[in-house]
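Enquirer: So that you have it, the file is my_file-v1.tsv, and it contains TSV, C-alpha atoms:
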chain	number	residue	atom	x	y	z
A	1	MET	CA	122.88	98.50	59.76
A	2	ARG	CA	125.27	100.99	61.32
A	3	TRP	CA	127.72	102.58	58.88
A	4	TRP	CA	130.79	101.32	60.74
A	5	VAL	CA	129.52	97.73	60.71
A	6	LYS	CA	129.04	97.96	56.95
A	7	ALA	CA	132.55	99.43	56.56
A	8	VAL	CA	134.13	96.71	58.70
A	9	ARG	CA	132.39	93.95	56.72
A	10	HIS	CA	133.59	95.44	53.44
A	11	VAL	CA	137.17	95.48	54.74
A	12	LEU	CA	136.83	91.91	56.00
A	13	ARG	CA	135.47	90.80	52.63
A	14	CYS	CA	138.58	92.21	50.93
A	15	LEU	CA	140.87	90.48	53.44
A	16	ILE	CA	139.04	87.18	52.99
A	17	TYR	CA	139.37	87.53	49.22
A	18	LEU	CA	143.14	88.01	49.52
A	19	ALA	CA	143.44	85.06	51.90
A	20	MET	CA	141.52	82.80	49.52
A	21	ARG	CA	143.72	83.92	46.64
A	22	LEU	CA	146.76	82.93	48.70
A	23	CYS	CA	145.32	79.55	49.71
A	24	TYR	CA	143.91	78.53	46.32
A	25	ARG	CA	144.29	79.18	42.62
A	26	LEU	CA	140.82	80.63	42.63
A	27	ARG	CA	138.79	81.17	39.47
A	28	ILE	CA	135.60	83.22	39.80
A	29	ARG	CA	133.02	83.43	37.04
A	30	GLY	CA	129.84	85.51	36.94
A	31	SER	CA	130.26	87.54	40.13
A	32	HIS	CA	128.64	90.46	38.25
A	33	HIS	CA	125.34	88.58	38.64
A	34	ILE	CA	125.20	89.61	42.30
A	35	PRO	CA	123.24	92.90	42.28
A	36	LYS	CA	125.19	96.01	43.23
A	37	GLN	CA	122.34	97.09	45.51
A	38	GLY	CA	119.33	95.51	47.16
A	39	ALA	CA	118.52	92.15	48.67
A	40	ALA	CA	119.43	88.81	47.14
A	41	LEU	CA	119.78	85.18	48.18
A	42	VAL	CA	122.83	83.16	47.08
A	43	VAL	CA	122.49	79.36	47.01
A	44	CYS	CA	125.43	77.01	46.48
A	45	ASN	CA	126.45	73.38	46.85
A	46	HIS	CA	128.22	72.56	50.12
A	47	VAL	CA	131.59	70.84	49.80
A	48	SER	CA	133.78	71.87	52.73
A	49	PHE	CA	134.15	74.10	55.77
A	50	MET	CA	135.99	76.60	53.54
A	51	ASP	CA	132.97	77.18	51.26
A	52	ALA	CA	131.64	80.22	53.09
A	53	LEU	CA	135.05	81.91	53.02
A	54	VAL	CA	135.50	81.24	49.30
A	55	LEU	CA	132.02	82.58	48.53
A	56	GLY	CA	132.40	85.49	50.92
A	57	GLY	CA	135.66	86.56	49.34
A	58	ALA	CA	134.43	86.04	45.77
A	59	SER	CA	131.26	88.09	46.22
A	60	PRO	CA	131.56	91.79	45.36
A	61	ARG	CA	129.35	92.49	48.39
A	62	PRO	CA	129.54	91.14	51.95
A	63	LEU	CA	127.50	87.96	52.42
A	64	ARG	CA	125.58	87.02	55.54
A	65	PHE	CA	125.77	83.26	55.57
A	66	VAL	CA	123.53	80.84	57.45
A	67	MET	CA	125.50	78.32	59.52
A	68	ASP	CA	124.96	75.61	62.13
A	69	GLN	CA	124.52	76.92	65.68
A	70	PRO	CA	127.14	74.56	67.20
A	71	ILE	CA	129.78	75.88	64.78
A	72	PHE	CA	128.63	79.46	65.36
A	73	ASP	CA	129.13	78.92	69.11
A	74	SER	CA	132.68	77.57	68.69
A	75	PRO	CA	134.98	78.94	71.40
A	76	GLY	CA	137.38	81.48	69.97
A	77	LEU	CA	135.44	81.85	66.71
A	78	LYS	CA	132.04	83.13	67.78
A	79	TRP	CA	133.29	86.74	67.83
A	80	TRP	CA	134.37	86.34	64.20
A	81	PHE	CA	131.06	84.87	63.07
A	82	GLN	CA	129.21	87.69	64.82
A	83	LEU	CA	131.47	90.30	63.23
A	84	VAL	CA	130.87	89.03	59.67
A	85	GLY	CA	127.13	88.76	60.33
A	86	ALA	CA	126.67	84.99	60.21
A	87	ILE	CA	123.15	83.81	60.97
A	88	PRO	CA	123.04	80.69	63.17
A	89	ILE	CA	120.50	77.93	62.65
A	90	GLU	CA	119.68	75.27	65.25
A	91	SER	CA	117.83	71.97	64.96
A	92	GLU	CA	114.16	72.13	65.97
A	93	ARG	CA	114.73	68.99	68.03
A	94	ARG	CA	117.35	70.75	70.11
A	95	SER	CA	115.58	74.08	70.35
A	96	PRO	CA	111.85	74.38	69.52
A	97	GLY	CA	111.20	77.58	67.61
A	98	ALA	CA	114.83	77.80	66.42
A	99	LEU	CA	113.94	77.60	62.73
A	100	ARG	CA	111.44	80.45	63.04
A	101	ARG	CA	114.06	82.61	64.75
A	102	THR	CA	116.53	81.91	61.95
A	103	LEU	CA	113.91	82.67	59.29
A	104	ASP	CA	113.15	85.94	61.08
A	105	ASP	CA	116.85	86.84	61.06
A	106	VAL	CA	117.17	85.99	57.37
A	107	SER	CA	114.02	87.96	56.55
A	108	ARG	CA	115.28	90.95	58.51
A	109	ALA	CA	118.60	90.91	56.63
A	110	LEU	CA	116.85	90.70	53.26
A	111	GLN	CA	114.44	93.49	54.15
A	112	HIS	CA	117.49	95.64	54.98
A	113	GLY	CA	118.81	95.05	51.46
A	114	GLU	CA	121.58	92.61	52.38
A	115	VAL	CA	122.82	89.52	50.53
A	116	VAL	CA	122.25	86.25	52.37
A	117	MET	CA	123.92	82.97	51.47
A	118	VAL	CA	122.53	79.52	52.23
A	119	PHE	CA	123.62	75.96	51.51
A	120	PRO	CA	120.28	74.30	50.65
A	121	GLU	CA	121.65	70.77	51.12
A	122	GLY	CA	121.89	71.57	54.83
A	123	ARG	CA	125.15	69.67	55.36
A	124	LEU	CA	128.54	68.96	53.83
A	125	THR	CA	128.39	66.50	50.94
A	126	PRO	CA	129.48	63.02	52.10
A	127	ASP	CA	130.57	61.91	48.62
A	128	GLY	CA	131.37	65.01	46.55
A	129	GLU	CA	127.99	65.00	44.82
A	130	ILE	CA	125.13	67.48	45.20
A	131	HIS	CA	122.31	66.13	47.37
A	132	ALA	CA	118.63	67.10	47.46
A	133	PHE	CA	117.86	70.67	48.50
A	134	ARG	CA	115.79	70.99	51.66
A	135	ARG	CA	112.41	72.70	51.99
A	136	GLY	CA	113.76	75.60	54.05
A	137	LEU	CA	114.80	77.32	50.83
A	138	GLU	CA	111.20	77.62	49.66
A	139	THR	CA	110.15	78.82	53.12
A	140	ILE	CA	112.65	81.69	52.92
A	141	LEU	CA	111.45	82.72	49.46
A	142	ALA	CA	107.80	82.47	50.48
A	143	ARG	CA	108.49	85.11	53.12
A	144	ASP	CA	110.71	87.35	50.98
A	145	ASN	CA	110.47	87.20	47.21
A	146	VAL	CA	114.00	88.31	46.34
A	147	PRO	CA	116.28	87.43	43.40
A	148	VAL	CA	118.14	84.14	43.85
A	149	ILE	CA	121.70	83.79	42.53
A	150	PRO	CA	122.69	80.13	42.07
A	151	ALA	CA	126.35	79.20	42.42
A	152	GLY	CA	128.41	76.09	41.77
A	153	LEU	CA	131.67	75.36	43.60
A	154	ALA	CA	134.33	72.84	42.57
A	155	GLY	CA	137.82	71.91	43.70
A	156	LEU	CA	137.36	71.63	47.46
A	157	TRP	CA	136.22	68.01	47.49
A	158	GLY	CA	139.33	66.11	48.54
A	159	SER	CA	140.52	68.83	50.89
A	160	TRP	CA	141.09	68.27	54.61
A	161	THR	CA	138.07	70.52	55.25
A	162	SER	CA	135.76	68.17	53.30
A	163	HIS	CA	134.50	64.67	54.20
A	164	PHE	CA	136.75	63.09	51.56
A	165	GLY	CA	138.59	60.12	53.07
A	166	GLY	CA	137.11	60.65	56.54
A	167	LYS	CA	135.54	63.36	58.67
A	168	ALA	CA	136.38	66.95	57.79
A	169	LEU	CA	139.16	68.61	59.81
A	170	LYS	CA	140.41	65.20	61.00
A	171	LYS	CA	143.12	64.93	58.31
A	172	TRP	CA	146.30	66.79	57.49
A	173	PRO	CA	146.37	69.12	54.45
A	174	SER	CA	148.27	67.51	51.59
A	175	ARG	CA	148.28	70.25	48.93
A	176	PHE	CA	148.64	74.01	48.83
A	177	ARG	CA	147.16	76.44	46.31
A	178	ALA	CA	144.92	73.84	44.70
A	179	PRO	CA	142.68	74.98	41.82
A	180	VAL	CA	139.20	76.02	42.98
A	181	SER	CA	136.46	77.34	40.73
A	182	LEU	CA	133.27	79.20	41.63
A	183	HIS	CA	130.57	79.98	39.06
A	184	PHE	CA	127.68	82.38	39.78
A	185	GLY	CA	124.60	82.20	37.56
A	186	PRO	CA	122.10	84.89	36.53
A	187	PRO	CA	119.49	85.96	39.12
A	188	ILE	CA	116.30	83.89	39.17
A	189	ASP	CA	112.82	84.82	40.33
A	190	ARG	CA	109.53	82.94	40.42
A	191	GLN	CA	108.11	84.69	37.36
A	192	MET	CA	111.00	83.37	35.24
A	193	ILE	CA	110.17	79.71	35.86
A	194	GLY	CA	106.37	79.78	35.88
A	195	GLY	CA	104.84	76.72	37.51
A	196	VAL	CA	108.08	74.75	37.83
A	197	ALA	CA	108.95	73.68	41.39
A	198	LEU	CA	111.36	76.35	42.57
A	199	ARG	CA	113.50	74.08	44.75
A	200	SER	CA	114.04	71.53	41.97
A	201	TYR	CA	114.74	74.27	39.45
A	202	LEU	CA	117.40	75.89	41.66
A	203	GLU	CA	118.97	72.52	42.37
A	204	ASP	CA	119.28	71.90	38.63
A	205	GLN	CA	120.85	75.33	38.13
A	206	VAL	CA	123.42	74.70	40.86
A	207	ARG	CA	124.22	71.27	39.39
A	208	GLY	CA	124.86	72.87	36.00
A	209	LEU	CA	127.10	75.55	37.49
A	210	LYS	CA	129.06	72.98	39.48
A	211	ALA	CA	129.58	70.94	36.31
A	212	ALA	CA	130.93	74.05	34.59
A	213	ALA	CA	133.19	74.73	37.58
A	214	ASP	CA	134.45	71.11	37.50
A	215	LYS	CA	135.30	71.50	33.84
A	216	ASP	CA	137.02	74.80	34.59
A	217	ILE	CA	139.58	73.12	36.86
A	218	GLY	CA	139.80	69.73	35.20
A	219	HIS	CA	138.36	67.89	38.21
A	220	HIS	CA	141.51	68.30	40.32
A	221	PRO	CA	141.01	67.60	44.03
A	222	ALA	CA	142.01	70.30	46.48
A	223	ASP	CA	144.68	70.47	49.20
What do you get writing this file as structure tokens?

Expert:
Amino acid sequence: MRWWVKAVRHVLRCLIYLAMRLCYRLRIRGSHHIPKQGAALVVCNHVSFMDALVLGGASPRPLRFVMDQPIFDSPGLKWWFQLVGAIPIESERRSPGALRRTLDDVSRALQHGEVVMVFPEGRLTPDGEIHAFRRGLETILARDNVPVIPAGLAGLWGSWTSHFGGKALKKWPSRFRAPVSLHFGPPIDRQMIGGVALRSYLEDQVRGLKAAADKDIGHHPAD
């Protein structure tokens, strides 16, 4: 990565952090678990369209997050997603070979020592609960055996950017500076869990962190 790209992304991370602090009463726990150097994969539950910004601002290092291709291609926003290093993912039905291209991009970022963030549920939660993690997570880790940092996010279910009460972004915001909590857990690697199914283990870790985050804010809805 060119030095100026790295510098720009660090500045953007700081600006995003300030913006999230203005929008929410944000509580961050365990951000020290993200390694200061080297590759890592962050996995988190997916609540709203603000999740990536909250995680990106809370992380002490810039995150390259995986996002849906149609959103990545949004008019007026694509330049921003490219600038922050988002990695688009397209449905195999729409574009054969798309998943392999995304996995190659993720692998390339990890091999360059970057931190990549994925939402293993693959979609926004329709009911506020965590849903089953998809197999793509194991595919990524089979290609690149890097530390995985689980994270649990609470407080954004109920916001206009979540599917609470109807489709996300189709409602008016009703609250400002709602309490939002984000908990990062210790890094996990395959040797730590032995023969346990990695995907199920990570899902359990994220569920536990989300429960802690819920408790942290007293289950208040956002916005």

Enquirer: Which of these residues is nearest to A:Glu114, using all atoms listed in the file: A:Ile188, A:Leu153, A:Leu141, A:Ile34?

Expert: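 The answer is A:Ile34, which sits nearest to A:Glu114.
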
Enquirer: Dump as a Markdown table the rows for residues of stretch 90-136 of chain A within 10 Å of stretch 159-169 of chain A: closest atom pair and distance in Å with one decimal, all atoms listed in the file counted, ordered by chain and rising residue number.

Expert:
| residue | atom | partner | partner_atom | distance |
| --- | --- | --- | --- | --- |
| A:Leu124 | CA | A:Ser162 | CA | 7.3 |
| A:Thr125 | CA | A:His163 | CA | 7.2 |
| A:Pro126 | CA | A:His163 | CA | 5.7 |
| A:Asp127 | CA | A:Phe164 | CA | 6.9 |
| A:Gly128 | CA | A:Phe164 | CA | 7.6 |

Enquirer: Interatomic distance between atom CA of A:Arg101 and atom CA of A:Gly122?

Expert: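 We find that atom CA of A:Arg101 and atom CA of A:Gly122 lie 16.8 Å from each other.
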
Enquirer: Identify which of the residues A:Ala86, A:Ile130, A:Cys44, A:Ala39 lies closest to A:His112, counting all atoms listed in the file when measuring atom-to-atom distances.

Expert: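 Ranked by minimum distance to A:His112, first place goes to A:Ala39.
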
Enquirer: Taking all atoms listed in the file into account, produce a table as a Markdown table in which each residue of stretch 116-197 of chain A with an atom at most 6 Å from an atom of stretch 49-69 of chain A appears once, together with its shortest atom pair and the distance in Å to one decimal, ordered by chain and rising number.

Expert:
| residue | atom | partner | partner_atom | distance |
| --- | --- | --- | --- | --- |
| A:Val116 | CA | A:Arg64 | CA | 4.7 |
| A:Met117 | CA | A:Phe65 | CA | 4.5 |
| A:Val118 | CA | A:Val66 | CA | 5.5 |
| A:Thr161 | CA | A:Phe49 | CA | 5.3 |

Enquirer: Kindly give the distance, in Å, that separates atom CA of A:Asp104 and atom CA of A:Arg190, rounded to a single decimal.

Expert: 21.2 Å

Enquirer: Can you tell me, as a PyMOL selection string, what residues are no more than 6 Å from stretch 16-30 of chain A when counting all atoms listed in the file, ignoring any on the same chain fewer than 2 positions away?

Expert: chain A and resi 13-14+32-33+57+177-184

Enquirer: Using only C-alpha atoms, which residue out of A:Ile140, A:Asp189, A:Leu83, A:Lys170 lies closest to A:Tyr201?

Expert: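 That would be A:Asp189, the residue with the smallest distance to A:Tyr201.
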
Enquirer: Using only C-alpha atoms, which of the listed residues (A:Gln111, A:Pro70, A:Leu156, A:Trp3) sits closest to A:Ala40?

Expert: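 Ranking A:Gln111, A:Pro70, A:Leu156, A:Trp3 by distance to A:Ala40, first place goes to A:Gln111.
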
Enquirer: Tell me which of A:Val115, A:Val43, A:His10, A:Phe81 sits closest to A:Leu209, counting all atoms listed in the file.

Expert: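 Counting all atoms listed in the file, the residue closest to A:Leu209 is A:Val43.
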
Enquirer: Which polymer residues have any atom within 7 Å of an atom of A:Glu121, counting all atoms listed in the file, with same-chain residues fewer than 4 positions away left out, as a list in words?

Expert: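 Using all atoms listed in the file, the neighbours found are Asn45, His46, His131, Ala132, Phe133 and Arg134 of chain A.
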
Enquirer: Quick one: distance from atom CA of A:Val11 to atom CA of A:Asp216 in Å, one decimal?

Expert: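 Between atom CA of A:Val11 and atom CA of A:Asp216 the gap is 28.9 Å.
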
Enquirer: Using all atoms listed in the file, which of the listed residues (A:Trp172, A:Ala98, A:Val8, A:Thr139) sits closest to A:Gln82?

Expert: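 Nearest candidate to A:Gln82 out of A:Trp172, A:Ala98, A:Val8, A:Thr139: A:Val8.
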
Enquirer: What are the centre and the three edge lengths of an axis-aligned box that wraps all atoms of stretch 4-15 of chain A in the file, given that 3 Å is added to every side, written as AutoDock Vina command-line options and rounded to one decimal in Å?

Expert:
--center_x 135.0 --center_y 95.9 --center_z 55.8 --size_x 17.8 --size_y 16.8 --size_z 15.8
